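Q: This is the structure, below, for whatever I ask next.
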Amino acid sequence: MSPPSVDLIRKCKRCSSPIPPEALVCVQCHALVHAEELERLAALANECEEQNDFKRAEENWLKALERLPLDSTQAAWIRSKVKTLTLDLPHPESKHEWAKKLGPLAPLAVALSKAKVLLSVFKLKFLLSLFAFMWVYWTLFGAKFGIGFAILILIHEMGHFIDIKRRGLPAEMPVFLPGLGAYVRWHALGVSNETRAAVSLTGPLAGWLSAAVCALLFWKTGNTLWAALARAGAWLNVLNLIPVWLLDGGQAMLVLNKAERLVLLTACLVLWLLVGESVFFLVALGVVWSLFAKDMPSQPNRAITAYFVIVLSALGFVLWIMPGQGFGSFQK
């Protein structure tokens, strides 16, 4: 009897456990086996949709479906997506027939029907939630700070949105929750935890850029409004890096092994001592909690570790150079 082929022996990229040739999910850590291929197919399908080639988009989604467990949430989403694409497939015999009934208004109706991509960008819930969010902080802190703070949060969320779209993955415009924050809804479709971690850190990175611009404007103009916005933006983005499930830090922590979490813990404590901001101590407490996680990866991810530490340090620098402490105090 010949020994089994080496090509048939696969290992999970997350936990290194052996995976049978026909398996779609790792038995140990439940990671999707074809995560990278799923990400590629999702990118192709979305590219086809942007070009209105719904037939090829449907084919790519169906290929992705074959690489997913039938009872997974990703598979259910793709089946729903395929049904939607089927409705969008062109029917030459009836294309724009409905518009003819509108007489002289037909060209306008056809033009509006083709504007669905533009309308999808500016979804009503995005605009309404943004204005509600802005109104809450306008009421609490005055018009200038309220509008500026809402824009800072928008830039943070657009960091996530742009990075997701850049990877060819489906995402919706941000939705704002007054008094709580905001979120970008997207469909991971089996992407790797490393991709999830990278996407989660782009929000705080964009948040640092906006806070840094406000800090620069403060130094140029001496207007304390810019200092307040810079401090508030940087502080809130550090808070968002606490490694708990609902925050960006929780997703980024998934790919860090024990040694890398200890590195991050050290960085948090050093920043806490140097900058004097208790929010870094809160991040450190979250890292300590994560050290007891049972699903900690065994393989290192130095890129995400460095990304995490750099973003934290950059935000800490903004807090260090800005006057005040904590989130700050503001006057209407």
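Here, A, B, ... name the chains of the structure tokens in the order displayed, residue numbers run from 1 inside each chain, and ligands are numbered from 1 in the same displayed order.
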I want to know what sits within 12 Å of Cys26 (chain A), based on only C-alpha atoms, with residues of the same chain fewer than 4 positions away left out; could you give that as an mmCIF file with C-alpha atoms, in the first residue's frame?
A:
data_model
loop_
_atom_site.group_PDB
_atom_site.id
_atom_site.type_symbol
_atom_site.label_atom_id
_atom_site.label_comp_id
_atom_site.auth_asym_id
_atom_site.auth_seq_id
_atom_site.Cartn_x
_atom_site.Cartn_y
_atom_site.Cartn_z
ATOM 1 C CA ARG A 10 -3.538 20.105 4.617
ATOM 2 C CA LYS A 11 -3.193 22.196 7.735
ATOM 3 C CA CYS A 12 -5.428 24.987 8.975
ATOM 4 C CA LYS A 13 -3.766 28.373 8.479
ATOM 5 C CA ARG A 14 -5.139 29.581 11.825
ATOM 6 C CA CYS A 15 -4.472 26.702 14.225
ATOM 7 C CA SER A 16 -2.306 24.308 12.101
ATOM 8 C CA SER A 17 -4.658 21.360 12.714
ATOM 9 C CA PRO A 18 -4.882 18.688 9.956
ATOM 10 C CA ILE A 19 -7.819 19.188 7.568
ATOM 11 C CA PRO A 20 -9.373 16.367 5.476
ATOM 12 C CA PRO A 21 -9.385 17.005 1.699
ATOM 13 C CA GLU A 22 -13.180 17.407 1.491
ATOM 14 C CA HIS A 30 -13.984 26.441 12.804
ATOM 15 C CA ALA A 31 -12.064 28.639 10.339
ATOM 16 C CA LEU A 32 -13.225 28.468 6.720
ATOM 17 C CA VAL A 33 -10.777 26.415 4.659
ATOM 18 C CA HIS A 34 -11.262 28.397 1.436
ATOM 19 C CA ALA A 35 -11.221 31.844 3.046
ATOM 20 C CA LEU A 68 -19.093 27.253 2.081
ATOM 21 C CA PRO A 69 -20.992 24.987 4.500
#
Q: For Met322 (chain A), list every protein, DNA or RNA residue within 8 Å, evaluated using only C-alpha atoms, and leave out those in the same chain fewer than 4 positions away; present the list as a list in words.
A: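 Contacts, in chain order: Ala215, Ala227, Ala230, Arg231 and Val318 of chain A.
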Q: Rounded to one decimal in Å, what is the spacing between CA of Ser192 (chain A) and CA of Leu177 (chain A)?
A: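 Result for CA of Ser192 (chain A) versus CA of Leu177 (chain A): 28.0 Å, one decimal.
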Q: Pick out the residues sitting within 8 Å of Arg261 (chain A), and hand them over as a list in words; count only C-alpha atoms, and ignore anything fewer than 3 positions along from it in its own chain.
A: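 My reading of the contact set: Met253, Leu256, Asn257, Lys258, Leu264, Leu265, Val287, Ser290 and Leu291 of chain A.
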Q: Only N, CA and C atoms, please: the residues just picked out, written as a JSON list (two decimals), in the first residue's frame.
A:
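Once written, part-v2.json looks like this:
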[["chain", "number", "residue", "atom", "x", "y", "z"],
["A", 253, "MET", "N", -7.47, 41.91, 17.82],
["A", 253, "MET", "CA", -6.81, 41.01, 18.78],
["A", 253, "MET", "C", -6.90, 39.55, 18.35],
["A", 256, "LEU", "N", -3.58, 37.90, 17.14],
["A", 256, "LEU", "CA", -2.35, 38.04, 17.92],
["A", 256, "LEU", "C", -2.19, 36.86, 18.87],
["A", 257, "ASN", "N", -0.98, 36.27, 18.87],
["A", 257, "ASN", "CA", -0.74, 35.17, 19.82],
["A", 257, "ASN", "C", -0.36, 35.73, 21.19],
["A", 258, "LYS", "N", -0.03, 34.85, 22.11],
["A", 258, "LYS", "CA", 0.19, 35.29, 23.50],
["A", 258, "LYS", "C", 1.36, 36.25, 23.60],
["A", 264, "LEU", "N", 1.77, 44.10, 23.11],
["A", 264, "LEU", "CA", 0.75, 45.15, 23.09],
["A", 264, "LEU", "C", 0.46, 45.66, 24.50],
["A", 265, "LEU", "N", 0.41, 44.76, 25.47],
["A", 265, "LEU", "CA", 0.20, 45.16, 26.85],
["A", 265, "LEU", "C", 1.31, 46.10, 27.34],
["A", 287, "VAL", "N", -6.40, 43.95, 27.18],
["A", 287, "VAL", "CA", -5.37, 43.02, 26.71],
["A", 287, "VAL", "C", -5.13, 41.92, 27.76],
["A", 290, "SER", "N", -7.74, 39.41, 27.46],
["A", 290, "SER", "CA", -7.59, 38.57, 26.26],
["A", 290, "SER", "C", -6.52, 37.50, 26.43],
["A", 291, "LEU", "N", -5.61, 37.67, 27.39],
["A", 291, "LEU", "CA", -4.56, 36.67, 27.61],
["A", 291, "LEU", "C", -5.13, 35.34, 28.11]]
Q: Identify all residues of region 87-307 of chain A in strand (DSSP E) (DSSP on the backbone) and supply them as a list of chain:residue names.
A: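 Of region 87-307 of chain A, only A:Val175, A:Phe176, A:Leu177, A:Gly181, A:Ala182, A:Tyr183 fall in strand (DSSP E).
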Q: Write the residues of the selection above to a file with C-alpha atoms, as a compact mmCIF listing (two decimals), in the first residue's frame.
A:
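out-v1.txt, written as the output of this step:
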# COMPACT_ATOMS: atom_id res chain seq x y z
CA VAL A 175 -25.11 54.08 10.33
CA PHE A 176 -24.88 56.43 13.33
CA LEU A 177 -26.30 55.73 16.77
CA GLY A 181 -21.27 55.70 18.07
CA ALA A 182 -21.53 54.34 14.55
CA TYR A 183 -20.87 51.17 12.56
Q: Quick check for you: according to DSSP on this backbone, which residues of region 238-280 of chain A are classed as alpha helix (DSSP H)? Reply as a list in words.
A: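 The alpha helix (DSSP H) residues within region 238-280 of chain A come out as Val238, Leu239, Asp248, Gly249, Gly250, Gln251, Ala252, Met253, Lys258, Ala259, Glu260, Arg261, Leu262, Val263, Leu264, Leu265, Thr266, Ala267, Cys268, Leu269, Val270, Leu271, Trp272, Leu273, Leu274, Val275, Ser278, Val279 and Phe280 of chain A.
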Q: Need to verify the contact set: Pro178 (chain A), 10 Å, only C-alpha atoms, exclusion of same-chain residues closer than 2 positions in sequence. Can you return it as a count of residues only?
A: 15
Q: Do you know which residues are at most 12 Å from Phe317 (chain A) counting only C-alpha atoms, after dropping those on the same chain fewer than 2 positions away, and could you put them as a PyMOL selection string?
A: chain A and resi 208-209+211-212+215+230-231+234-235+238+271-272+274-277+310-315+319-323
Q: With only C-alpha atoms as the atoms that count, which of A:Trp138, A:Phe126, A:Trp245, A:Trp61 lies nearest to Leu154 (chain A)?
A: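 Nearest to Leu154 (chain A): A:Phe126.
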Q: Would you mind listing what lies within 12 Å of region 74-83 of chain A as an MDAnalysis selection string, with only C-alpha atoms counted and same-chain residues fewer than 6 positions away left out?
A: chainID A and resid 32 35 38:39 41:42 45:46 49 54:68 89 170 186:191
Q: Limited to N, CA and C atoms, could you put the picked residues into a file as an mmCIF file, in the first residue's frame?
A:
data_model
loop_
_atom_site.group_PDB
_atom_site.id
_atom_site.type_symbol
_atom_site.label_atom_id
_atom_site.label_comp_id
_atom_site.auth_asym_id
_atom_site.auth_seq_id
_atom_site.Cartn_x
_atom_site.Cartn_y
_atom_site.Cartn_z
ATOM 1 N N LEU A 32 -12.871 28.912 8.066
ATOM 2 C CA LEU A 32 -13.225 28.468 6.720
ATOM 3 C C LEU A 32 -11.962 28.088 5.957
ATOM 4 N N ALA A 35 -10.992 30.432 2.744
ATOM 5 C CA ALA A 35 -11.221 31.844 3.046
ATOM 6 C C ALA A 35 -10.627 32.767 1.985
ATOM 7 N N LEU A 38 -12.587 32.533 -1.248
ATOM 8 C CA LEU A 38 -13.877 33.210 -1.076
ATOM 9 C C LEU A 38 -13.729 34.722 -1.196
ATOM 10 N N GLU A 39 -12.660 35.233 -0.623
ATOM 11 C CA GLU A 39 -12.413 36.673 -0.717
ATOM 12 C C GLU A 39 -12.177 37.082 -2.174
ATOM 13 N N LEU A 41 -13.273 35.501 -4.939
ATOM 14 C CA LEU A 41 -14.526 35.378 -5.683
ATOM 15 C C LEU A 41 -15.485 36.510 -5.350
ATOM 16 N N ALA A 42 -15.524 36.923 -4.086
ATOM 17 C CA ALA A 42 -16.383 38.042 -3.696
ATOM 18 C C ALA A 42 -15.942 39.323 -4.391
ATOM 19 N N ALA A 45 -17.042 39.078 -8.022
ATOM 20 C CA ALA A 45 -18.488 39.243 -8.142
ATOM 21 C C ALA A 45 -18.894 40.702 -7.987
ATOM 22 N N ASN A 46 -18.303 41.388 -7.020
ATOM 23 C CA ASN A 46 -18.630 42.801 -6.823
ATOM 24 C C ASN A 46 -18.167 43.658 -7.985
ATOM 25 N N GLU A 49 -20.710 43.249 -10.665
ATOM 26 C CA GLU A 49 -21.928 44.000 -10.353
ATOM 27 C C GLU A 49 -21.760 45.483 -10.672
ATOM 28 N N PHE A 54 -24.430 41.196 -14.392
ATOM 29 C CA PHE A 54 -25.044 40.419 -13.322
ATOM 30 C C PHE A 54 -24.908 38.907 -13.529
ATOM 31 N N LYS A 55 -24.818 38.476 -14.801
ATOM 32 C CA LYS A 55 -24.690 37.054 -15.078
ATOM 33 C C LYS A 55 -23.375 36.512 -14.538
ATOM 34 N N ARG A 56 -22.268 37.204 -14.843
ATOM 35 C CA ARG A 56 -20.963 36.767 -14.336
ATOM 36 C C ARG A 56 -20.879 36.925 -12.826
ATOM 37 N N ALA A 57 -21.512 37.955 -12.296
ATOM 38 C CA ALA A 57 -21.530 38.127 -10.838
ATOM 39 C C ALA A 57 -22.208 36.931 -10.183
ATOM 40 N N GLU A 58 -23.336 36.519 -10.755
ATOM 41 C CA GLU A 58 -24.056 35.357 -10.221
ATOM 42 C C GLU A 58 -23.188 34.105 -10.272
ATOM 43 N N GLU A 59 -22.444 33.913 -11.355
ATOM 44 C CA GLU A 59 -21.581 32.741 -11.488
ATOM 45 C C GLU A 59 -20.503 32.719 -10.411
ATOM 46 N N ASN A 60 -19.920 33.887 -10.148
ATOM 47 C CA ASN A 60 -18.879 33.943 -9.108
ATOM 48 C C ASN A 60 -19.441 33.707 -7.715
ATOM 49 N N TRP A 61 -20.634 34.254 -7.434
ATOM 50 C CA TRP A 61 -21.255 34.000 -6.128
ATOM 51 C C TRP A 61 -21.580 32.525 -5.959
ATOM 52 N N LEU A 62 -22.021 31.874 -7.035
ATOM 53 C CA LEU A 62 -22.336 30.445 -6.947
ATOM 54 C C LEU A 62 -21.080 29.611 -6.725
ATOM 55 N N LYS A 63 -19.970 30.029 -7.333
ATOM 56 C CA LYS A 63 -18.699 29.336 -7.073
ATOM 57 C C LYS A 63 -18.311 29.474 -5.604
ATOM 58 N N ALA A 64 -18.529 30.665 -5.063
ATOM 59 C CA ALA A 64 -18.229 30.882 -3.639
ATOM 60 C C ALA A 64 -19.117 30.013 -2.762
ATOM 61 N N LEU A 65 -20.380 29.859 -3.171
ATOM 62 C CA LEU A 65 -21.333 29.063 -2.397
ATOM 63 C C LEU A 65 -20.882 27.615 -2.273
ATOM 64 N N GLU A 66 -20.213 27.093 -3.311
ATOM 65 C CA GLU A 66 -19.736 25.708 -3.290
ATOM 66 C C GLU A 66 -18.628 25.503 -2.260
ATOM 67 N N ARG A 67 -17.999 26.587 -1.837
ATOM 68 C CA ARG A 67 -16.875 26.489 -0.908
ATOM 69 C C ARG A 67 -17.271 26.839 0.522
ATOM 70 N N LEU A 68 -18.584 26.916 0.758
ATOM 71 C CA LEU A 68 -19.093 27.253 2.081
ATOM 72 C C LEU A 68 -20.004 26.147 2.608
ATOM 73 N N LEU A 89 -31.166 40.592 -13.687
ATOM 74 C CA LEU A 89 -30.709 40.169 -15.007
ATOM 75 C C LEU A 89 -31.560 40.829 -16.091
ATOM 76 N N PRO A 170 -18.541 43.528 -0.152
ATOM 77 C CA PRO A 170 -19.756 44.354 -0.022
ATOM 78 C C PRO A 170 -19.836 45.034 1.331
ATOM 79 N N TRP A 186 -20.947 45.111 6.992
ATOM 80 C CA TRP A 186 -20.356 44.484 5.806
ATOM 81 C C TRP A 186 -20.432 42.973 5.928
ATOM 82 N N HIS A 187 -20.285 42.299 4.809
ATOM 83 C CA HIS A 187 -20.434 40.852 4.756
ATOM 84 C C HIS A 187 -19.063 40.241 4.509
ATOM 85 N N ALA A 188 -18.500 39.609 5.559
ATOM 86 C CA ALA A 188 -17.127 39.127 5.492
ATOM 87 C C ALA A 188 -16.954 37.981 4.500
ATOM 88 N N LEU A 189 -17.994 37.166 4.299
ATOM 89 C CA LEU A 189 -17.952 36.101 3.293
ATOM 90 C C LEU A 189 -16.738 35.188 3.444
ATOM 91 N N GLY A 190 -16.406 34.858 4.667
ATOM 92 C CA GLY A 190 -15.332 33.911 4.894
ATOM 93 C C GLY A 190 -13.933 34.481 4.781
ATOM 94 N N VAL A 191 -13.777 35.796 4.848
ATOM 95 C CA VAL A 191 -12.431 36.365 4.777
ATOM 96 C C VAL A 191 -11.643 35.962 6.011
#
Q: Within 7 Å of Ala252 (chain A), counting only C-alpha atoms, which residues qualify if same-chain residues fewer than 5 places away don't, as a ChimeraX atom specification?
A: /A:197-198,200-201
Q: In Å, how far is it from CA of Gly179 (chain A) to CA of Leu216 (chain A)?
A: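 According to the coordinates, CA of Gly179 (chain A) and CA of Leu216 (chain A) are separated by 27.3 Å.
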Q: What does the distance between CA of Met173 (chain A) and CA of Ala228 (chain A) come to in Å, to one decimal place?
A: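 Between these atoms lies a distance of 26.9 Å.
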